[in-house]
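Printed here is work.cif (mmCIF, C-alpha atoms):
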```cif
data_coords
#
loop_
_atom_site.group_PDB
_atom_site.id
_atom_site.type_symbol
_atom_site.label_atom_id
_atom_site.label_comp_id
_atom_site.auth_asym_id
_atom_site.auth_seq_id
_atom_site.Cartn_x
_atom_site.Cartn_y
_atom_site.Cartn_z
ATOM 1 C CA MET T 1 -17.447 -4.178 12.943
ATOM 2 C CA THR T 2 -19.995 -3.968 15.701
ATOM 3 C CA LYS T 3 -23.548 -3.025 15.112
ATOM 4 C CA LYS T 4 -23.263 -0.174 17.569
ATOM 5 C CA PHE T 5 -20.334 1.297 15.667
ATOM 6 C CA PHE T 6 -22.199 0.979 12.429
ATOM 7 C CA LEU T 7 -25.285 2.641 13.829
ATOM 8 C CA SER T 8 -23.373 5.530 15.348
ATOM 9 C CA THR T 9 -21.472 6.201 12.145
ATOM 10 C CA ALA T 10 -24.607 5.914 10.060
ATOM 11 C CA TRP T 11 -26.204 8.361 12.428
ATOM 12 C CA LEU T 12 -23.224 10.725 12.113
ATOM 13 C CA PHE T 13 -23.414 10.538 8.351
ATOM 14 C CA PHE T 14 -27.113 11.229 8.385
ATOM 15 C CA LEU T 15 -26.630 14.083 10.830
ATOM 16 C CA SER T 16 -23.940 15.645 8.673
ATOM 17 C CA LEU T 17 -26.189 15.396 5.644
ATOM 18 C CA SER T 18 -29.207 16.785 7.406
ATOM 19 C CA SER T 19 -27.379 19.628 9.117
ATOM 20 C CA ILE T 20 -26.173 21.137 5.866
ATOM 21 C CA SER T 21 -29.423 20.611 4.120
ATOM 22 C CA ASN T 22 -31.436 22.454 6.755
ATOM 23 C CA ALA T 23 -31.788 25.537 4.615
ATOM 24 C CA GLN T 24 -32.560 23.489 1.542
ATOM 25 C CA PRO T 25 -35.838 22.054 0.334
ATOM 26 C CA SER T 26 -36.388 18.608 1.774
ATOM 27 C CA SER T 27 -36.453 17.017 -1.680
ATOM 28 C CA ASP T 28 -32.639 17.168 -1.555
ATOM 29 C CA LEU T 29 -32.645 14.304 0.859
ATOM 30 C CA SER T 30 -34.361 12.046 -1.629
ATOM 31 C CA ALA T 31 -33.020 8.566 -2.068
ATOM 32 C CA ASP T 32 -31.847 9.524 -5.546
ATOM 33 C CA PHE T 33 -29.727 12.369 -4.251
ATOM 34 C CA GLN T 34 -28.152 10.264 -1.520
ATOM 35 C CA GLU T 35 -27.456 7.548 -4.043
ATOM 36 C CA LYS T 36 -25.640 10.088 -6.228
ATOM 37 C CA VAL T 37 -23.542 11.353 -3.293
ATOM 38 C CA LYS T 38 -22.680 7.770 -2.451
ATOM 39 C CA SER T 39 -21.732 6.776 -5.973
ATOM 40 C CA ILE T 40 -19.400 9.755 -6.412
ATOM 41 C CA SER T 41 -17.889 9.285 -2.952
ATOM 42 C CA ALA T 42 -17.220 5.643 -3.744
ATOM 43 C CA GLU T 43 -14.814 6.704 -6.484
ATOM 44 C CA LEU T 44 -12.772 9.065 -4.339
ATOM 45 C CA ARG T 45 -9.921 7.950 -2.148
ATOM 46 C CA CYS T 46 -9.765 8.962 1.476
ATOM 47 C CA LEU T 47 -6.288 10.431 1.864
ATOM 48 C CA VAL T 48 -5.832 9.892 5.578
ATOM 49 C CA CYS T 49 -7.117 6.339 5.526
ATOM 50 C CA GLN T 50 -5.705 5.162 2.216
ATOM 51 C CA ASN T 51 -7.278 2.097 0.626
ATOM 52 C CA GLN T 52 -10.699 3.252 1.702
ATOM 53 C CA THR T 53 -13.034 5.413 -0.291
ATOM 54 C CA ILE T 54 -14.527 8.513 1.267
ATOM 55 C CA ALA T 55 -17.863 6.703 1.164
ATOM 56 C CA ASP T 56 -16.488 3.912 3.383
ATOM 57 C CA SER T 57 -14.426 5.953 5.771
ATOM 58 C CA ASN T 58 -15.459 7.717 8.925
ATOM 59 C CA ALA T 59 -12.338 9.857 9.228
ATOM 60 C CA SER T 60 -13.230 13.492 9.675
ATOM 61 C CA LEU T 61 -11.639 14.423 6.364
ATOM 62 C CA ALA T 62 -13.779 11.819 4.583
ATOM 63 C CA ILE T 63 -16.895 13.242 6.219
ATOM 64 C CA ASP T 64 -15.870 16.759 5.149
ATOM 65 C CA LEU T 65 -15.283 15.627 1.593
ATOM 66 C CA ARG T 66 -18.581 13.742 1.489
ATOM 67 C CA ASN T 67 -20.303 16.899 2.676
ATOM 68 C CA GLN T 68 -18.482 18.826 -0.014
ATOM 69 C CA VAL T 69 -19.699 16.359 -2.649
ATOM 70 C CA SER T 70 -23.275 16.757 -1.495
ATOM 71 C CA ARG T 71 -22.938 20.562 -1.283
ATOM 72 C CA MET T 72 -21.583 20.751 -4.816
ATOM 73 C CA LEU T 73 -24.298 18.446 -6.139
ATOM 74 C CA ARG T 74 -26.881 20.703 -4.560
ATOM 75 C CA GLN T 75 -25.272 23.663 -6.320
ATOM 76 C CA GLY T 76 -25.977 21.808 -9.537
ATOM 77 C CA LYS T 77 -22.371 20.780 -10.228
ATOM 78 C CA SER T 78 -21.822 17.736 -12.405
ATOM 79 C CA GLU T 79 -19.903 14.650 -11.416
ATOM 80 C CA GLN T 80 -17.064 15.774 -13.704
ATOM 81 C CA GLU T 81 -16.865 19.153 -11.994
ATOM 82 C CA ILE T 82 -16.793 17.557 -8.552
ATOM 83 C CA LYS T 83 -13.988 15.199 -9.551
ATOM 84 C CA ARG T 84 -12.041 18.071 -11.080
ATOM 85 C CA TYR T 85 -12.454 20.008 -7.824
ATOM 86 C CA MET T 86 -10.980 17.079 -5.871
ATOM 87 C CA VAL T 87 -8.119 16.508 -8.331
ATOM 88 C CA GLU T 88 -7.166 20.206 -8.251
ATOM 89 C CA ARG T 89 -6.658 19.923 -4.491
ATOM 90 C CA TYR T 90 -5.490 16.386 -3.887
ATOM 91 C CA GLY T 91 -4.101 15.267 -7.251
ATOM 92 C CA ASP T 92 -4.985 12.256 -9.417
ATOM 93 C CA PHE T 93 -4.256 10.086 -6.412
ATOM 94 C CA VAL T 94 -7.698 10.930 -5.048
ATOM 95 C CA LEU T 95 -9.312 9.089 -7.961
ATOM 96 C CA TYR T 96 -9.704 5.336 -7.733
ATOM 97 C CA ASP T 97 -9.819 5.197 -11.513
ATOM 98 C CA PRO T 98 -6.633 6.963 -12.619
ATOM 99 C CA PRO T 99 -6.831 8.849 -15.942
ATOM 100 C CA VAL T 100 -4.753 7.673 -18.891
ATOM 101 C CA LYS T 101 -2.016 10.243 -19.462
ATOM 102 C CA TRP T 102 1.695 10.011 -20.037
ATOM 103 C CA GLN T 103 2.529 9.859 -16.310
ATOM 104 C CA THR T 104 0.258 6.838 -15.921
ATOM 105 C CA TRP T 105 1.267 4.992 -19.091
ATOM 106 C CA ALA T 106 3.501 2.649 -17.126
ATOM 107 C CA LEU T 107 0.547 1.860 -14.866
ATOM 108 C CA TRP T 108 -1.926 1.237 -17.674
ATOM 109 C CA PHE T 109 0.266 -0.399 -20.305
ATOM 110 C CA GLY T 110 3.183 -1.800 -18.256
ATOM 111 C CA PRO T 111 1.464 -5.135 -17.542
ATOM 112 C CA PHE T 112 0.686 -5.675 -21.255
ATOM 113 C CA LEU T 113 4.285 -4.837 -22.148
ATOM 114 C CA LEU T 114 5.485 -7.403 -19.602
ATOM 115 C CA LEU T 115 3.094 -9.978 -21.051
ATOM 116 C CA VAL T 116 4.367 -9.393 -24.600
ATOM 117 C CA LEU T 117 7.989 -9.583 -23.415
ATOM 118 C CA ALA T 118 7.318 -12.807 -21.530
ATOM 119 C CA ILE T 119 5.636 -14.427 -24.550
ATOM 120 C CA ALA T 120 8.501 -13.314 -26.828
ATOM 121 C CA PHE T 121 11.028 -14.778 -24.413
ATOM 122 C CA LEU T 122 9.099 -18.038 -24.147
ATOM 123 C CA VAL T 123 8.721 -18.450 -27.910
ATOM 124 C CA SER T 124 12.360 -17.605 -28.679
ATOM 125 C CA SER T 125 13.725 -19.947 -26.006
ATOM 126 C CA GLN T 126 11.498 -22.800 -27.210
ATOM 127 C CA LEU T 127 12.540 -22.282 -30.821
ATOM 128 C CA LYS T 128 16.194 -22.228 -29.836
ATOM 129 C CA ARG T 129 15.802 -25.423 -27.881
ATOM 130 C CA ARG T 130 14.235 -27.209 -30.829
ATOM 131 C CA ALA T 131 16.896 -25.999 -33.259
ATOM 132 C CA GLU T 132 19.867 -27.183 -31.195
ATOM 133 C CA PRO T 133 20.332 -30.904 -30.597
ATOM 134 C CA ASP T 134 21.000 -31.763 -26.977
ATOM 135 C CA SER T 135 24.751 -31.364 -26.703
ATOM 136 C CA ASP T 136 24.978 -33.489 -23.539
ATOM 137 C CA PHE T 137 23.856 -36.586 -25.396
ATOM 138 C CA ASN T 138 26.632 -38.927 -26.323
ATOM 139 C CA PRO T 139 25.710 -41.347 -29.172
ATOM 140 C CA ALA T 140 27.975 -43.963 -27.593
ATOM 141 C CA ASN T 141 25.436 -44.320 -24.770
ATOM 142 C CA ARG T 142 22.633 -45.236 -27.141
ATOM 143 C CA GLU T 143 22.859 -48.948 -26.428
ATOM 144 C CA ASP T 144 22.820 -48.388 -22.659
ATOM 145 C CA LEU T 145 19.714 -46.297 -22.995
ATOM 146 C CA ARG T 146 17.965 -48.983 -25.005
ATOM 147 C CA ALA T 147 18.829 -51.509 -22.326
ATOM 148 C CA LEU T 148 17.436 -49.191 -19.637
ATOM 149 C CA LEU T 149 14.197 -48.806 -21.568
ATOM 150 C CA ARG T 150 13.881 -52.583 -21.837
ATOM 151 C CA GLY T 151 14.302 -52.779 -18.085
ATOM 152 C CA ASP T 152 17.407 -54.842 -18.596
ATOM 153 C CA LYS T 153 19.527 -53.487 -15.767
ATOM 154 C CA ASP T 154 22.164 -56.187 -15.956
ATOM 155 C CA GLN T 155 23.343 -54.898 -19.284
ATOM 156 C CA LEU T 156 24.798 -51.842 -17.592
ATOM 157 C CA MET I 1 27.126 -18.363 -17.673
ATOM 158 C CA ARG I 2 25.518 -16.162 -20.300
ATOM 159 C CA LYS I 3 22.095 -17.697 -19.913
ATOM 160 C CA TYR I 4 21.939 -16.481 -16.304
ATOM 161 C CA LEU I 5 22.644 -12.894 -17.301
ATOM 162 C CA LEU I 6 19.074 -11.974 -18.237
ATOM 163 C CA PRO I 7 17.386 -13.441 -15.118
ATOM 164 C CA LEU I 8 20.067 -11.776 -13.008
ATOM 165 C CA ALA I 9 19.448 -8.415 -14.684
ATOM 166 C CA VAL I 10 15.684 -8.777 -14.128
ATOM 167 C CA PHE I 11 16.270 -9.741 -10.507
ATOM 168 C CA VAL I 12 18.550 -6.762 -9.889
ATOM 169 C CA LEU I 13 16.031 -4.401 -11.494
ATOM 170 C CA VAL I 14 13.130 -5.711 -9.431
ATOM 171 C CA ALA I 15 15.284 -5.649 -6.294
ATOM 172 C CA ILE I 16 16.173 -1.990 -6.887
ATOM 173 C CA PHE I 17 12.501 -1.027 -7.253
ATOM 174 C CA LEU I 18 11.427 -3.010 -4.197
ATOM 175 C CA TRP I 19 14.325 -1.669 -2.139
ATOM 176 C CA ARG I 20 13.319 1.866 -3.058
ATOM 177 C CA GLY I 21 9.717 1.063 -2.204
ATOM 178 C CA LEU I 22 10.766 0.262 1.348
ATOM 179 C CA PHE I 23 11.648 3.891 1.921
ATOM 180 C CA LEU I 24 8.740 5.589 0.193
ATOM 181 C CA ASN I 25 6.022 7.036 2.343
ATOM 182 C CA PRO I 26 2.607 6.273 0.842
ATOM 183 C CA GLN I 27 1.141 9.072 2.943
ATOM 184 C CA GLU I 28 3.108 11.606 0.924
ATOM 185 C CA VAL I 29 0.977 12.485 -2.021
ATOM 186 C CA PRO I 30 2.588 14.916 -4.468
ATOM 187 C CA SER I 31 0.622 18.135 -4.255
ATOM 188 C CA PRO I 32 -0.939 19.423 -7.444
ATOM 189 C CA LEU I 33 -0.890 22.879 -5.852
ATOM 190 C CA ILE I 34 2.852 23.467 -6.191
ATOM 191 C CA GLY I 35 3.417 26.128 -8.837
ATOM 192 C CA LYS I 36 -0.151 27.382 -8.499
ATOM 193 C CA SER I 37 -1.522 30.467 -6.785
ATOM 194 C CA ILE I 38 -2.888 30.017 -3.286
ATOM 195 C CA PRO I 39 -6.670 29.643 -3.154
ATOM 196 C CA GLU I 40 -8.611 32.780 -2.336
ATOM 197 C CA PHE I 41 -9.692 33.041 1.259
ATOM 198 C CA SER I 42 -10.670 35.497 3.943
ATOM 199 C CA LEU I 43 -10.618 34.307 7.527
ATOM 200 C CA PRO I 44 -10.915 35.912 10.952
ATOM 201 C CA LYS I 45 -7.623 36.663 12.621
ATOM 202 C CA LEU I 46 -6.815 35.211 16.006
ATOM 203 C CA GLN I 47 -6.531 37.630 18.933
ATOM 204 C CA GLU I 48 -7.510 40.642 16.839
ATOM 205 C CA GLU I 49 -11.208 41.244 16.732
ATOM 206 C CA ASN I 50 -12.855 42.349 13.479
ATOM 207 C CA SER I 51 -9.634 41.738 11.660
ATOM 208 C CA VAL I 52 -9.177 39.309 8.787
ATOM 209 C CA VAL I 53 -6.370 37.468 7.049
ATOM 210 C CA THR I 54 -6.888 37.077 3.322
ATOM 211 C CA SER I 55 -5.062 35.478 0.443
ATOM 212 C CA GLU I 56 -3.863 38.970 -0.526
ATOM 213 C CA THR I 57 -2.618 40.105 2.873
ATOM 214 C CA PHE I 58 0.958 38.937 2.318
ATOM 215 C CA LEU I 59 1.404 39.671 -1.383
ATOM 216 C CA GLY I 60 4.914 40.957 -2.004
ATOM 217 C CA LYS I 61 6.408 38.843 0.770
ATOM 218 C CA VAL I 62 7.851 35.361 0.884
ATOM 219 C CA TRP I 63 5.962 33.609 3.658
ATOM 220 C CA VAL I 64 5.364 30.258 5.242
ATOM 221 C CA LEU I 65 1.847 29.018 5.888
ATOM 222 C CA ASN I 66 1.769 26.420 8.642
ATOM 223 C CA VAL I 67 -1.430 24.462 9.224
ATOM 224 C CA PHE I 68 -1.843 23.503 12.868
ATOM 225 C CA ALA I 69 -4.441 22.633 15.476
ATOM 226 C CA SER I 70 -4.481 22.289 19.238
ATOM 227 C CA TRP I 71 -5.760 18.705 18.874
ATOM 228 C CA CYS I 72 -2.853 17.749 16.632
ATOM 229 C CA THR I 73 -0.143 15.800 18.445
ATOM 230 C CA PRO I 74 2.540 15.834 15.717
ATOM 231 C CA CYS I 75 2.221 19.646 15.730
ATOM 232 C CA LEU I 76 3.825 19.568 19.175
ATOM 233 C CA ASP I 77 6.891 17.791 17.718
ATOM 234 C CA GLU I 78 7.217 20.434 15.064
ATOM 235 C CA HIS I 79 6.532 23.389 17.333
ATOM 236 C CA PRO I 80 10.064 23.927 18.750
ATOM 237 C CA MET I 81 11.406 23.969 15.162
ATOM 238 C CA LEU I 82 8.942 26.701 14.222
ATOM 239 C CA MET I 83 9.828 28.702 17.337
ATOM 240 C CA GLU I 84 13.479 28.457 16.356
ATOM 241 C CA LEU I 85 12.710 29.465 12.755
ATOM 242 C CA ALA I 86 10.638 32.430 13.932
ATOM 243 C CA SER I 87 13.431 33.625 16.220
ATOM 244 C CA GLN I 88 15.851 33.738 13.270
ATOM 245 C CA ASN I 89 13.628 36.303 11.525
ATOM 246 C CA ARG I 90 14.443 34.919 8.109
ATOM 247 C CA VAL I 91 10.923 34.284 6.919
ATOM 248 C CA MET I 92 7.469 35.244 8.112
ATOM 249 C CA ILE I 93 5.355 32.377 9.455
ATOM 250 C CA VAL I 94 1.578 32.557 9.268
ATOM 251 C CA GLY I 95 -0.574 30.001 11.063
ATOM 252 C CA LEU I 96 -3.716 28.401 9.723
ATOM 253 C CA ASN I 97 -5.646 27.061 12.674
ATOM 254 C CA TYR I 98 -7.464 24.110 11.140
ATOM 255 C CA LYS I 99 -10.790 22.755 12.459
ATOM 256 C CA ASP I 100 -10.070 24.053 15.910
ATOM 257 C CA GLY I 101 -11.336 27.154 17.728
ATOM 258 C CA PHE I 102 -10.390 30.670 18.844
ATOM 259 C CA GLN I 103 -10.123 29.778 22.519
ATOM 260 C CA SER I 104 -8.336 26.448 22.113
ATOM 261 C CA ALA I 105 -5.904 27.938 19.578
ATOM 262 C CA ALA I 106 -5.118 30.888 21.859
ATOM 263 C CA ASP I 107 -4.658 28.588 24.859
ATOM 264 C CA TRP I 108 -2.372 26.258 22.916
ATOM 265 C CA LEU I 109 -0.202 29.137 21.637
ATOM 266 C CA GLY I 110 -0.155 30.650 25.124
ATOM 267 C CA LYS I 111 1.107 27.389 26.552
ATOM 268 C CA HIS I 112 3.679 26.427 23.920
ATOM 269 C CA GLY I 113 4.692 29.819 22.504
ATOM 270 C CA ASN I 114 3.572 31.627 19.378
ATOM 271 C CA PRO I 115 5.853 31.523 16.326
ATOM 272 C CA TYR I 116 3.231 33.066 14.045
ATOM 273 C CA SER I 117 3.082 36.655 12.796
ATOM 274 C CA ALA I 118 -0.619 36.118 12.229
ATOM 275 C CA VAL I 119 -3.039 33.260 12.713
ATOM 276 C CA ALA I 120 -6.067 32.718 10.482
ATOM 277 C CA VAL I 121 -8.838 30.686 12.075
ATOM 278 C CA ASP I 122 -10.492 28.116 9.808
ATOM 279 C CA ILE I 123 -13.077 26.504 12.047
ATOM 280 C CA ASP I 124 -14.999 24.443 9.478
ATOM 281 C CA GLY I 125 -11.853 23.492 7.559
ATOM 282 C CA LEU I 126 -13.126 24.734 4.199
ATOM 283 C CA VAL I 127 -10.048 26.863 3.498
ATOM 284 C CA GLY I 128 -7.928 23.902 4.529
ATOM 285 C CA MET I 129 -9.802 21.855 1.949
ATOM 286 C CA ASP I 130 -8.951 24.422 -0.736
ATOM 287 C CA PHE I 131 -5.305 24.041 0.265
ATOM 288 C CA GLY I 132 -5.675 20.258 -0.098
ATOM 289 C CA VAL I 133 -4.898 19.771 3.585
ATOM 290 C CA TYR I 134 -5.371 16.214 4.793
ATOM 291 C CA GLY I 135 -2.781 15.653 7.466
ATOM 292 C CA VAL I 136 -1.976 18.305 10.045
ATOM 293 C CA PRO I 137 0.624 19.767 10.332
ATOM 294 C CA GLU I 138 1.229 20.872 6.775
ATOM 295 C CA THR I 139 3.572 23.613 5.654
ATOM 296 C CA PHE I 140 3.495 25.700 2.482
ATOM 297 C CA LEU I 141 6.082 28.169 1.214
ATOM 298 C CA ILE I 142 4.524 30.979 -0.771
ATOM 299 C CA ASP I 143 6.419 33.426 -2.959
ATOM 300 C CA LYS I 144 5.946 37.170 -3.440
ATOM 301 C CA SER I 145 3.288 36.748 -6.090
ATOM 302 C CA GLY I 146 1.264 34.301 -4.030
ATOM 303 C CA VAL I 147 2.406 31.103 -5.759
ATOM 304 C CA ILE I 148 2.974 27.940 -3.705
ATOM 305 C CA ARG I 149 6.598 26.827 -4.078
ATOM 306 C CA TYR I 150 6.951 24.065 -1.515
ATOM 307 C CA LYS I 151 4.724 21.844 0.502
ATOM 308 C CA LYS I 152 5.437 19.479 3.333
ATOM 309 C CA ILE I 153 2.869 17.138 4.807
ATOM 310 C CA GLY I 154 3.547 16.170 8.383
ATOM 311 C CA PRO I 155 5.941 17.761 10.860
ATOM 312 C CA LEU I 156 8.991 19.563 9.507
ATOM 313 C CA SER I 157 12.329 18.348 10.784
ATOM 314 C CA SER I 158 15.170 20.757 11.482
ATOM 315 C CA THR I 159 17.104 19.186 8.571
ATOM 316 C CA GLU I 160 14.224 19.899 6.219
ATOM 317 C CA ILE I 161 14.091 23.496 7.413
ATOM 318 C CA GLN I 162 17.858 23.928 6.949
ATOM 319 C CA ASP I 163 18.305 21.990 3.703
ATOM 320 C CA GLU I 164 15.030 22.526 1.861
ATOM 321 C CA LEU I 165 12.956 25.376 3.208
ATOM 322 C CA LEU I 166 15.543 28.062 4.000
ATOM 323 C CA PRO I 167 17.584 27.722 0.762
ATOM 324 C CA LEU I 168 14.303 28.060 -1.154
ATOM 325 C CA VAL I 169 13.385 31.132 0.913
ATOM 326 C CA GLU I 170 16.751 32.703 0.049
ATOM 327 C CA SER I 171 16.317 32.020 -3.657
ATOM 328 C CA LEU I 172 12.853 33.581 -3.666
ATOM 329 C CA GLN I 173 13.783 36.767 -1.798
#
```
Written as structure tokens, that's how I'd like the structure from this file.
Amino acid sequence: MTKKFFLSTAWLFFLSLSSISNAQPSSDLSADFQEKVKSISAELRCLVCQNQTIADSNASLAIDLRNQVSRMLRQGKSEQEIKRYMVERYGDFVLYDPPVKWQTWALWFGPFLLLVLAIAFLVSSQLKRRAEPDSDFNPANREDLRALLRGDKDQL
Amino acid sequence: MRKYLLPLAVFVLVAIFLWRGLFLNPQEVPSPLIGKSIPEFSLPKLQEENSVVTSETFLGKVWVLNVFASWCTPCLDEHPMLMELASQNRVMIVGLNYKDGFQSAADWLGKHGNPYSAVAVDIDGLVGMDFGVYGVPETFLIDKSGVIRYKKIGPLSSTEIQDELLPLVESLQ
């Protein structure tokens, strides 16, 4: 991304922050506060530009949601309350860290289930292999094999 | 033969899931708002000064809330369908003009026709945010007690209006 693009978006972000904080005491723009807005935004998915967080995206919806995060923080809302606000409107999908509940069990535990199944399959197939002698082997060929191992091709 | 049965079954299962995945739209996020009451709002009404549209204005009616904007290109694709729906008089359509403006909304409706019984103007998009709007156009069907029964993100097709929206309207009347 070009420097110019970065600067203009950074400027836009700053402008959006400063415009809503006009009526507020300037301490709201402290580095701490901005850090908080950023850390919450980084855990929320931008719905129009999926695979980006609302902290990374410059889509207008992401800017609106970032502003909403900073507005709610200024109202003294906790991180939990802000996330609940987003989930009520956009669903769990908005969270980058999906909650563990029965709808997401497959997501959270599916990979472990697959791992256990794969190990069980591996162990059982190995045990079976060891238990059964190789049925393709014909004892009559034993001498030929010995000759092969000696490197005595003429015997064949 | 039997030893190939399990890998084949796994392959078929994976293939079914992947095949299905080809036709899923990742932009369609299931709305948590279905089955819930519409958020409270009060917005100025387009083309009627000092008049407002609120979340209680249409209580007792089954109505469609269509989110649109003059800057929204897919809205133009959907527009003829809404005009057609409005002309059938089967359900009331209310517009939510999202992050747009009085003048541009009025101009756009003047140019393309106005299917809406009323238009609420949401300039800063905060009411849209309460409705979980993220892609315009969006369409909600709201029942007599103000509960959201259906939501469509993106332009409605005439099939969706015929097969999904209208049967639901009938059942809610």
* To do: Could you please tell me, as a ChimeraX atom specification, which residues of chain I have an atom within 7 Å of chain T when using all atoms listed in the file?
  => /I:31-33,130-132,134-135
* Structure fact -> Computed gap from atom CA of Ile123 of chain I to atom CA of Gln47 of chain I is 14.6 Å
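What separates atom CA of Pro115 of chain I from atom CA of Glu40 of chain I is a distance of 23.6 Å.
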Near Ser39 of chain T, counting all atoms listed in the file, which residues have an atom at most 10 Å away, once you skip same-chain residues fewer than 6 positions from it, shown as a compact mmCIF listing (two decimals) with C-alpha atoms, in the coordinates of the input?
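File produced: out15.txt:
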```txt
# COMPACT_ATOMS: atom_id res chain seq x y z
CA PHE T 33 -29.73 12.37 -4.25
CA ALA T 55 -17.86 6.70 1.16
CA GLU T 79 -19.90 14.65 -11.42
```
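The residue that comes closest to Ser145 of chain I, out of I:Val10, I:Val62, I:Val53, I:Ile34 and on the basis of all atoms listed in the file, is I:Val62.
In this structure, atom CA of Leu141 of chain I sits 6.0 Å away from atom CA of Trp63 of chain I.
Among the candidates I:Leu18, I:Val136, I:Leu5, I:Leu165, the residue lying nearest to Tyr98 of chain I is I:Val136 (atoms considered: only C-alpha atoms).
Each of T:Arg142, T:Arg129, T:Arg150, T:Lys36 was compared to Ser78 of chain T using only C-alpha atoms, and T:Lys36 turns out to be the nearest.
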* **Non-local contacts of segment 156-162 of chain I (9 Å; only C-alpha atoms; under 4 positions in same chain excluded) as a PyMOL selection string** => chain I and resi 77-78+81-82+85+137-139+152+166-167
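Closest approach to Phe140 of chain I among I:Leu24, I:Val91, I:Ile153, I:Val14: I:Ile153, based on all atoms listed in the file.
When the PyMOL selection byres ((chain I and resi 103) around 12) is evaluated against the file, it yields I:Leu46, I:Gln47, I:Ala69, I:Ser70, I:Asn97, I:Asp100, I:Gly101, I:Phe102, I:Ser104, I:Ala105, I:Ala106, I:Asp107, I:Trp108, I:Leu109, I:Gly110, I:Val121, I:Ile123.
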* Asked: How would you write, as a PyMOL selection string, the residues chosen by the PyMOL selection byres ((chain I and resi 147) around 6) on this structure?
  -> chain I and resi 35-38+142-143+145-146+148
How would the residues just chosen look if you wrote them out with C-alpha atoms as a PDB file, in the frame of the given file?
```
ATOM      1  CA  GLY I  35       3.417  26.128  -8.837  1.00  0.00           C
ATOM      2  CA  LYS I  36      -0.151  27.382  -8.499  1.00  0.00           C
ATOM      3  CA  SER I  37      -1.522  30.467  -6.785  1.00  0.00           C
ATOM      4  CA  ILE I  38      -2.888  30.017  -3.286  1.00  0.00           C
ATOM      5  CA  ILE I 142       4.524  30.979  -0.771  1.00  0.00           C
ATOM      6  CA  ASP I 143       6.419  33.426  -2.959  1.00  0.00           C
ATOM      7  CA  SER I 145       3.288  36.748  -6.090  1.00  0.00           C
ATOM      8  CA  GLY I 146       1.264  34.301  -4.030  1.00  0.00           C
ATOM      9  CA  ILE I 148       2.974  27.940  -3.705  1.00  0.00           C
TER      10      ILE I 148
END
```
If I put a ball of radius 6 Å at (-13.4, 8.7, -2.8) in the file's coordinates, which residues poke into it when counting all atoms listed in the file, written as a PDB file with C-alpha atoms, in the frame of the given file?
```
ATOM      1  CA  SER T  41     -17.889   9.285  -2.952  1.00  0.00           C
ATOM      2  CA  ALA T  42     -17.220   5.643  -3.744  1.00  0.00           C
ATOM      3  CA  GLU T  43     -14.814   6.704  -6.484  1.00  0.00           C
ATOM      4  CA  LEU T  44     -12.772   9.065  -4.339  1.00  0.00           C
ATOM      5  CA  ARG T  45      -9.921   7.950  -2.148  1.00  0.00           C
ATOM      6  CA  CYS T  46      -9.765   8.962   1.476  1.00  0.00           C
ATOM      7  CA  THR T  53     -13.034   5.413  -0.291  1.00  0.00           C
ATOM      8  CA  ILE T  54     -14.527   8.513   1.267  1.00  0.00           C
TER       9      ILE T  54
END
```
* To do: Could you list the residues chosen by the PyMOL selection byres ((chain I and resi 59) around 8) in this structure as an NGL selection string?
  => :I and (55-58 or 60-61 or 144-146)
